[in-house]
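Working notes for the structure below.
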Amino acid sequence: MQAAPLSNDSQLPSISDIAPKIQLVKNTFASGKTKTIDWRIEQLKQIRKMVVEQQDKIFVAMQQDLGRCDMESWTAELGGVISEVDHSLKHLKKWMKPRKVSTPIVAQPAKSYILPEPLGSILIIGAWNYPLLLVLSPLVAAISAGNCAVIKPSELSANMSKLVAQLIPQYLDNETFAVVEGAVAETTELLKHQFDHIIYTGGEVVGKIVMRAAAEFLTPVTLELGGKSPCIVDSSTDLDVTAARIVWSKWMNAGQTCVAPDYVLVEEAFSAKLIEAIKNKITEFYSADAATSQDYGRIVSERHLARIVSYLDSQDVVHGGKHDVANKYIEPTIVLNPAHDSRIMQEEIFGPVLPIVTIKNIEAAIPFINERAKPLALYLFSKNSDFEQQVLDSTSAGMVCINDGFMFAANPNLPFGGVGNSGTGAYHGKIGFDNFSHLKAVMKRSFWFDVPLRYPPFTDKKFKLLKKLI
Ligand code: NAD
């Protein structure tokens, strides 16, 4: 689709507009309006309606920001939001119900249950690479849990940010949701205010800034960060399907996906075959010249392009390597055996460059991964179930997919989130609902049968009996 400029009818707020916006949503939460199931269902349906009705405008903004084709935008973002909404609508009633738990003998007679209650006001800080999904998917979870929210889209995907700021007030309850556009200054201002939960998606450096700011108010955070996600390819794998799935997950959105395979670990003896198969799939998917392919995206900014291109200095580029600053284009590129201490192996690539790292035997992949920060995602392609179990038992990662790329993201029953340096907390489906709820512990006791055992004066006899009961 040809990108037409968006109308410029949303204005960046001045810093002084931010506090009243936050106050309004907080006042709405205090009114209790967001707690009813009817209100939640209505808002969720409105999100669905917004995405469906406005899909053409959304496609245009995605095209402008990331050079994305419509099908990729739909698969990766709009479709994801719609299925999150549908999943929540289907299960919300059950999620909201008190969850009965058993009561130990020492507290009998009583009823115990967990009552999910909304936290209050949620600050959603989005990143640019999936600029709609990364604000709407947390919003679906926040609404499902009965919260209000302030949404801060990324300034780097400027067209999508503007569109989100236009559409949210058109479709959703204006008193309950506010969009604050802007960059560092606006986010810094937002972080000076007290929220009941902050969900931040982005890089580690800013993640620390967010966590420090949240600590001032003891606000809980969900940090959806990134890192270097390894992809182990064992020689027992189905080569053709493996190559297709690696190329799909690495070069979607021109490699600007938090859960894209960052590098491949493969046995030396199998590496030539794998590289050949990956090269063939790149050509099959994006033609011999990806610059002419309608299906291949662009880098979000010249700064990010320069960063990615700089990784190629002094590397053995075995495929691709061309770039074009004016079109923010980098060819799908494969690098063979970069030095382990080179920047390409130290930093998250977050672009269309795939290092292939050869190892003597496939088991060496495990210490290689464990010597580095815990990744957001880990991929294993193998038909060897013993090795599969060994990888699962001996490594840690936010999410794992065996024999595919980031398909786990399509299952709302799985938590989406990192571990260690790749993030804290998770969302999607019920896990998202719980993440934005306080799981309130409730015990209801009766007045009859008031055993005096626990009351002073304490005696040896009481003490012995108590030890037997607990
Ligand atoms: P970004 O530049 O869009 O920044 C993210 C947000 O932080 C933006 O809203 C921005 O305004 C705000 N921000 C930037 N600097 C700030 C500062 N100094 N103080 C306060 N706020 C500030 O995104 P990015 O950081 O380039 O994102 C890329 C990273 O995000 C990668 O590491 C990627 O792996 C990760 N990511 C993770 C997920 C996930 O779900 N785990 C999803 C997408 C991206």
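By convention here, the chains of the structure tokens are called A, B, ... in the order presented, each chain's residues are numbered starting at 1, and ligands are numbered starting at 1 in the order presented.
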Find the residues near stretch 450-455 of chain A: any atom within 12 Å, counting only C-alpha atoms, skip ones fewer than 3 places away on the same chain, and give them as a PyMOL selection string. chain A and resi 105-110+445-447+458-470
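The protein and nucleic acid residues lying at most 6 Å from stretch 278-293 of chain A are Ala243, Ala244, Ile275 and Tyr296 of chain A, with only C-alpha atoms considered and sequence neighbours fewer than 3 positions away removed.
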Close residues, stretch 328-333 of chain A itself excluded, 6 Å, only C-alpha atoms, min 4 positions apart in chain, as a list in words: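 Near neighbours after the sequence-gap exclusion: Arg298, Ile299, His319, Gly320, Gly321, Lys322, His323, Asp324, Pro352 and Val353 of chain A.
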List as a list in words the protein and nucleic acid residues near A:Lys208, meaning an atom at most 12 Å away when only C-alpha atoms are counted, but skip any in the same chain fewer than 5 places from it.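 Answer for this query is Tyr200, Thr201, Gly202, Gly203, Ala213, Ala214, Ala215, Val221, Thr222, Leu223, Glu224, Leu225, Asn421, Ser422, Gly423 and Thr424 of chain A.
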Could you turn the residues from that selection into a file that holds N, CA and C atoms, as a PDB file, in the first residue's frame?
ATOM      1  N   TYR A 200       6.870  -1.359  30.892  1.00  0.00           N
ATOM      2  CA  TYR A 200       7.788  -0.698  29.966  1.00  0.00           C
ATOM      3  C   TYR A 200       8.326  -1.722  28.977  1.00  0.00           C
ATOM      4  N   THR A 201       8.271  -1.400  27.696  1.00  0.00           N
ATOM      5  CA  THR A 201       8.888  -2.241  26.668  1.00  0.00           C
ATOM      6  C   THR A 201       9.988  -1.436  26.003  1.00  0.00           C
ATOM      7  N   GLY A 202      11.179  -1.972  25.985  1.00  0.00           N
ATOM      8  CA  GLY A 202      12.279  -1.259  25.354  1.00  0.00           C
ATOM      9  C   GLY A 202      13.611  -1.808  25.810  1.00  0.00           C
ATOM     10  N   GLY A 203      14.628  -0.990  25.688  1.00  0.00           N
ATOM     11  CA  GLY A 203      15.992  -1.437  25.992  1.00  0.00           C
ATOM     12  C   GLY A 203      16.302  -1.436  27.478  1.00  0.00           C
ATOM     13  N   ALA A 213      12.806   5.041  38.837  1.00  0.00           N
ATOM     14  CA  ALA A 213      11.716   6.000  39.066  1.00  0.00           C
ATOM     15  C   ALA A 213      10.575   5.316  39.819  1.00  0.00           C
ATOM     16  N   ALA A 214      10.292   4.072  39.431  1.00  0.00           N
ATOM     17  CA  ALA A 214       9.191   3.337  40.074  1.00  0.00           C
ATOM     18  C   ALA A 214       9.514   3.067  41.543  1.00  0.00           C
ATOM     19  N   ALA A 215      10.797   2.856  41.830  1.00  0.00           N
ATOM     20  CA  ALA A 215      11.205   2.544  43.211  1.00  0.00           C
ATOM     21  C   ALA A 215      10.846   3.679  44.167  1.00  0.00           C
ATOM     22  N   VAL A 221       6.791  -3.081  38.629  1.00  0.00           N
ATOM     23  CA  VAL A 221       7.054  -2.891  37.195  1.00  0.00           C
ATOM     24  C   VAL A 221       7.041  -4.216  36.450  1.00  0.00           C
ATOM     25  N   THR A 222       6.625  -4.121  35.201  1.00  0.00           N
ATOM     26  CA  THR A 222       6.858  -5.209  34.251  1.00  0.00           C
ATOM     27  C   THR A 222       7.827  -4.632  33.232  1.00  0.00           C
ATOM     28  N   LEU A 223       8.968  -5.252  33.085  1.00  0.00           N
ATOM     29  CA  LEU A 223       9.951  -4.759  32.120  1.00  0.00           C
ATOM     30  C   LEU A 223      10.075  -5.776  30.995  1.00  0.00           C
ATOM     31  N   GLU A 224       9.642  -5.358  29.822  1.00  0.00           N
ATOM     32  CA  GLU A 224       9.737  -6.227  28.640  1.00  0.00           C
ATOM     33  C   GLU A 224      10.955  -5.766  27.859  1.00  0.00           C
ATOM     34  N   LEU A 225      12.076  -6.398  28.123  1.00  0.00           N
ATOM     35  CA  LEU A 225      13.342  -5.941  27.544  1.00  0.00           C
ATOM     36  C   LEU A 225      13.758  -6.867  26.395  1.00  0.00           C
ATOM     37  N   ASN A 421      18.270 -10.292  32.831  1.00  0.00           N
ATOM     38  CA  ASN A 421      18.474  -9.077  32.045  1.00  0.00           C
ATOM     39  C   ASN A 421      17.472  -8.880  30.920  1.00  0.00           C
ATOM     40  N   SER A 422      16.744  -9.944  30.543  1.00  0.00           N
ATOM     41  CA  SER A 422      15.787  -9.784  29.441  1.00  0.00           C
ATOM     42  C   SER A 422      14.397  -9.352  29.926  1.00  0.00           C
ATOM     43  N   GLY A 423      14.247  -9.164  31.210  1.00  0.00           N
ATOM     44  CA  GLY A 423      12.987  -8.600  31.675  1.00  0.00           C
ATOM     45  C   GLY A 423      12.475  -9.203  32.962  1.00  0.00           C
ATOM     46  N   THR A 424      11.435  -8.571  33.459  1.00  0.00           N
ATOM     47  CA  THR A 424      10.808  -9.073  34.682  1.00  0.00           C
ATOM     48  C   THR A 424       9.300  -8.938  34.552  1.00  0.00           C
TER      49      THR A 424
END
Residue nearest ligand 1 among A:Val25, A:Leu167, A:Val309, A:Leu190 (counting only C-alpha atoms and all ligand atoms): A:Leu190
Which residues come within 9 Å of A:Met160, counting only C-alpha atoms, excluding same-chain residues fewer than 6 positions away, as a PyMOL selection string? chain A and resi 58+60-62+64-65+128+131-132+153-154
Residues at most 8 Å from A:Asp238, counting only C-alpha atoms, excluding those fewer than 4 positions away in the same chain, as an NGL selection string? :A and (242 or 382-383)
Generate the output file for the selected residues, N, CA and C atoms, as a PDB file, in the first residue's frame.
ATOM      1  N   THR A 242      13.559 -25.821   8.823  1.00  0.00           N
ATOM      2  CA  THR A 242      14.339 -25.013   9.769  1.00  0.00           C
ATOM      3  C   THR A 242      14.767 -23.700   9.118  1.00  0.00           C
ATOM      4  N   SER A 382      15.788 -29.375  16.347  1.00  0.00           N
ATOM      5  CA  SER A 382      16.414 -30.683  16.542  1.00  0.00           C
ATOM      6  C   SER A 382      15.343 -31.768  16.535  1.00  0.00           C
ATOM      7  N   LYS A 383      15.736 -32.962  16.095  1.00  0.00           N
ATOM      8  CA  LYS A 383      14.824 -34.107  16.234  1.00  0.00           C
ATOM      9  C   LYS A 383      15.291 -34.990  17.372  1.00  0.00           C
TER      10      LYS A 383
END
Would you give me, as CSV, each residue of chain A having an atom within 8 Å of an atom of ligand 1, along with its shortest atom pair and that distance in Å to one decimal, using only C-alpha atoms and all ligand atoms and sorting by chain and residue number?
residue,atom,partner,partner_atom_place_in_ligand_line,distance
A:Ile125,CA,ligand 1,9 (O),5.0
A:Gly126,CA,ligand 1,9 (O),4.8
A:Ala127,CA,ligand 1,3 (O),3.6
A:Trp128,CA,ligand 1,3 (O),4.3
A:Asn129,CA,ligand 1,43 (C),5.9
A:Tyr130,CA,ligand 1,43 (C),6.5
A:Leu134,CA,ligand 1,42 (C),6.8
A:Lys152,CA,ligand 1,9 (O),5.9
A:Pro153,CA,ligand 1,9 (O),5.3
A:Ser154,CA,ligand 1,9 (O),3.8
A:Glu155,CA,ligand 1,11 (O),5.7
A:Leu156,CA,ligand 1,3 (O),5.8
A:Ser157,CA,ligand 1,3 (O),7.5
A:Gly182,CA,ligand 1,11 (O),6.4
A:Ala183,CA,ligand 1,11 (O),4.1
A:Val184,CA,ligand 1,16 (C),4.5
A:Ala185,CA,ligand 1,19 (N),7.3
A:Glu186,CA,ligand 1,11 (O),7.7
A:Thr187,CA,ligand 1,21 (N),4.7
A:Thr188,CA,ligand 1,20 (C),5.1
A:Leu191,CA,ligand 1,20 (C),7.7
A:Tyr200,CA,ligand 1,6 (C),7.0
A:Thr201,CA,ligand 1,37 (C),5.2
A:Gly202,CA,ligand 1,30 (O),3.0
A:Gly203,CA,ligand 1,25 (O),3.7
A:Glu204,CA,ligand 1,32 (O),6.5
A:Val205,CA,ligand 1,25 (O),7.7
A:Val206,CA,ligand 1,16 (C),5.4
A:Gly207,CA,ligand 1,7 (O),7.9
A:Ile209,CA,ligand 1,19 (N),6.2
A:Val210,CA,ligand 1,20 (C),6.6
A:Leu223,CA,ligand 1,41 (N),7.3
A:Glu224,CA,ligand 1,41 (N),3.6
A:Leu225,CA,ligand 1,37 (C),4.2
A:Gly226,CA,ligand 1,34 (O),3.1
A:Gly227,CA,ligand 1,34 (O),5.7
A:Gln256,CA,ligand 1,33 (C),7.7
A:Thr257,CA,ligand 1,43 (C),6.2
A:Cys258,CA,ligand 1,34 (O),3.5
A:Val259,CA,ligand 1,34 (O),6.8
A:Glu348,CA,ligand 1,32 (O),6.6
A:Phe350,CA,ligand 1,31 (C),6.6
A:Leu376,CA,ligand 1,41 (N),6.9
A:Phe416,CA,ligand 1,40 (O),7.2
A:Gly417,CA,ligand 1,41 (N),5.9
A:Gly418,CA,ligand 1,41 (N),6.5
A:Ser422,CA,ligand 1,41 (N),7.0
A:Gly423,CA,ligand 1,41 (N),6.8
If you count only C-alpha atoms, which residues fall within 8 Å of A:Val357, apart from same-chain ones fewer than 2 positions away, as a PyMOL selection string? chain A and resi 263-266+336-338+355+359
Selection from above, C-alpha atoms, as a tab-separated table (two decimals), in the first residue's frame, can you write it?
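New file again_10.tsv:
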chain	number	residue	atom	x	y	z
A	263	TYR	CA	22.56	-15.55	16.34
A	264	VAL	CA	22.72	-19.22	15.36
A	265	LEU	CA	24.83	-21.89	17.03
A	266	VAL	CA	25.57	-24.83	14.76
A	336	LEU	CA	30.17	-16.18	9.75
A	337	ASN	CA	32.01	-16.72	13.01
A	338	PRO	CA	32.36	-13.20	14.38
A	355	PRO	CA	25.73	-14.25	12.82
A	359	ILE	CA	30.81	-24.94	17.60
Quick one: of A:Ala339, A:Leu274, A:Met443, A:Leu218, who's nearest to A:Ile114, counting only C-alpha atoms?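 Distance minimum relative to A:Ile114 lands on A:Met443.
With distances restricted to only C-alpha atoms, A:Leu119 is the closest residue to A:Pro220 from A:Ala178, A:Leu119, A:Ala277, A:Ala306.
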Among stretch 165-276 of chain A, which residues does DSSP mark as strand (DSSP E or B) when it is run on the backbone? Keep the chain and numbering as in the structure and answer as a ChimeraX atom specification. /A:177-179,197-201,221-224,230-233,263-267
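Minimum atom-to-atom distance to A:Tyr171, evaluated using only C-alpha atoms, belongs to A:Gln46 out of A:Gln46, A:Asn327, A:Asn435, A:Asn159.
Each of A:Pro98, A:Gly120, A:Gly297, A:Gly429 was compared to A:Ser31 using only C-alpha atoms, and A:Gly120 turns out to be the nearest.
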Name the closest residue to A:Ile334 among the candidates A:Lys250, A:Phe270, A:Glu175, A:Phe387; distances are taken between atoms, counting only C-alpha atoms. A:Lys250
Gap from atom CA of A:Asp86 to atom CA of A:Gln63 - Å, one decimal: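 Answer for the atom CA of A:Asp86 to atom CA of A:Gln63 separation: 26.0 Å.
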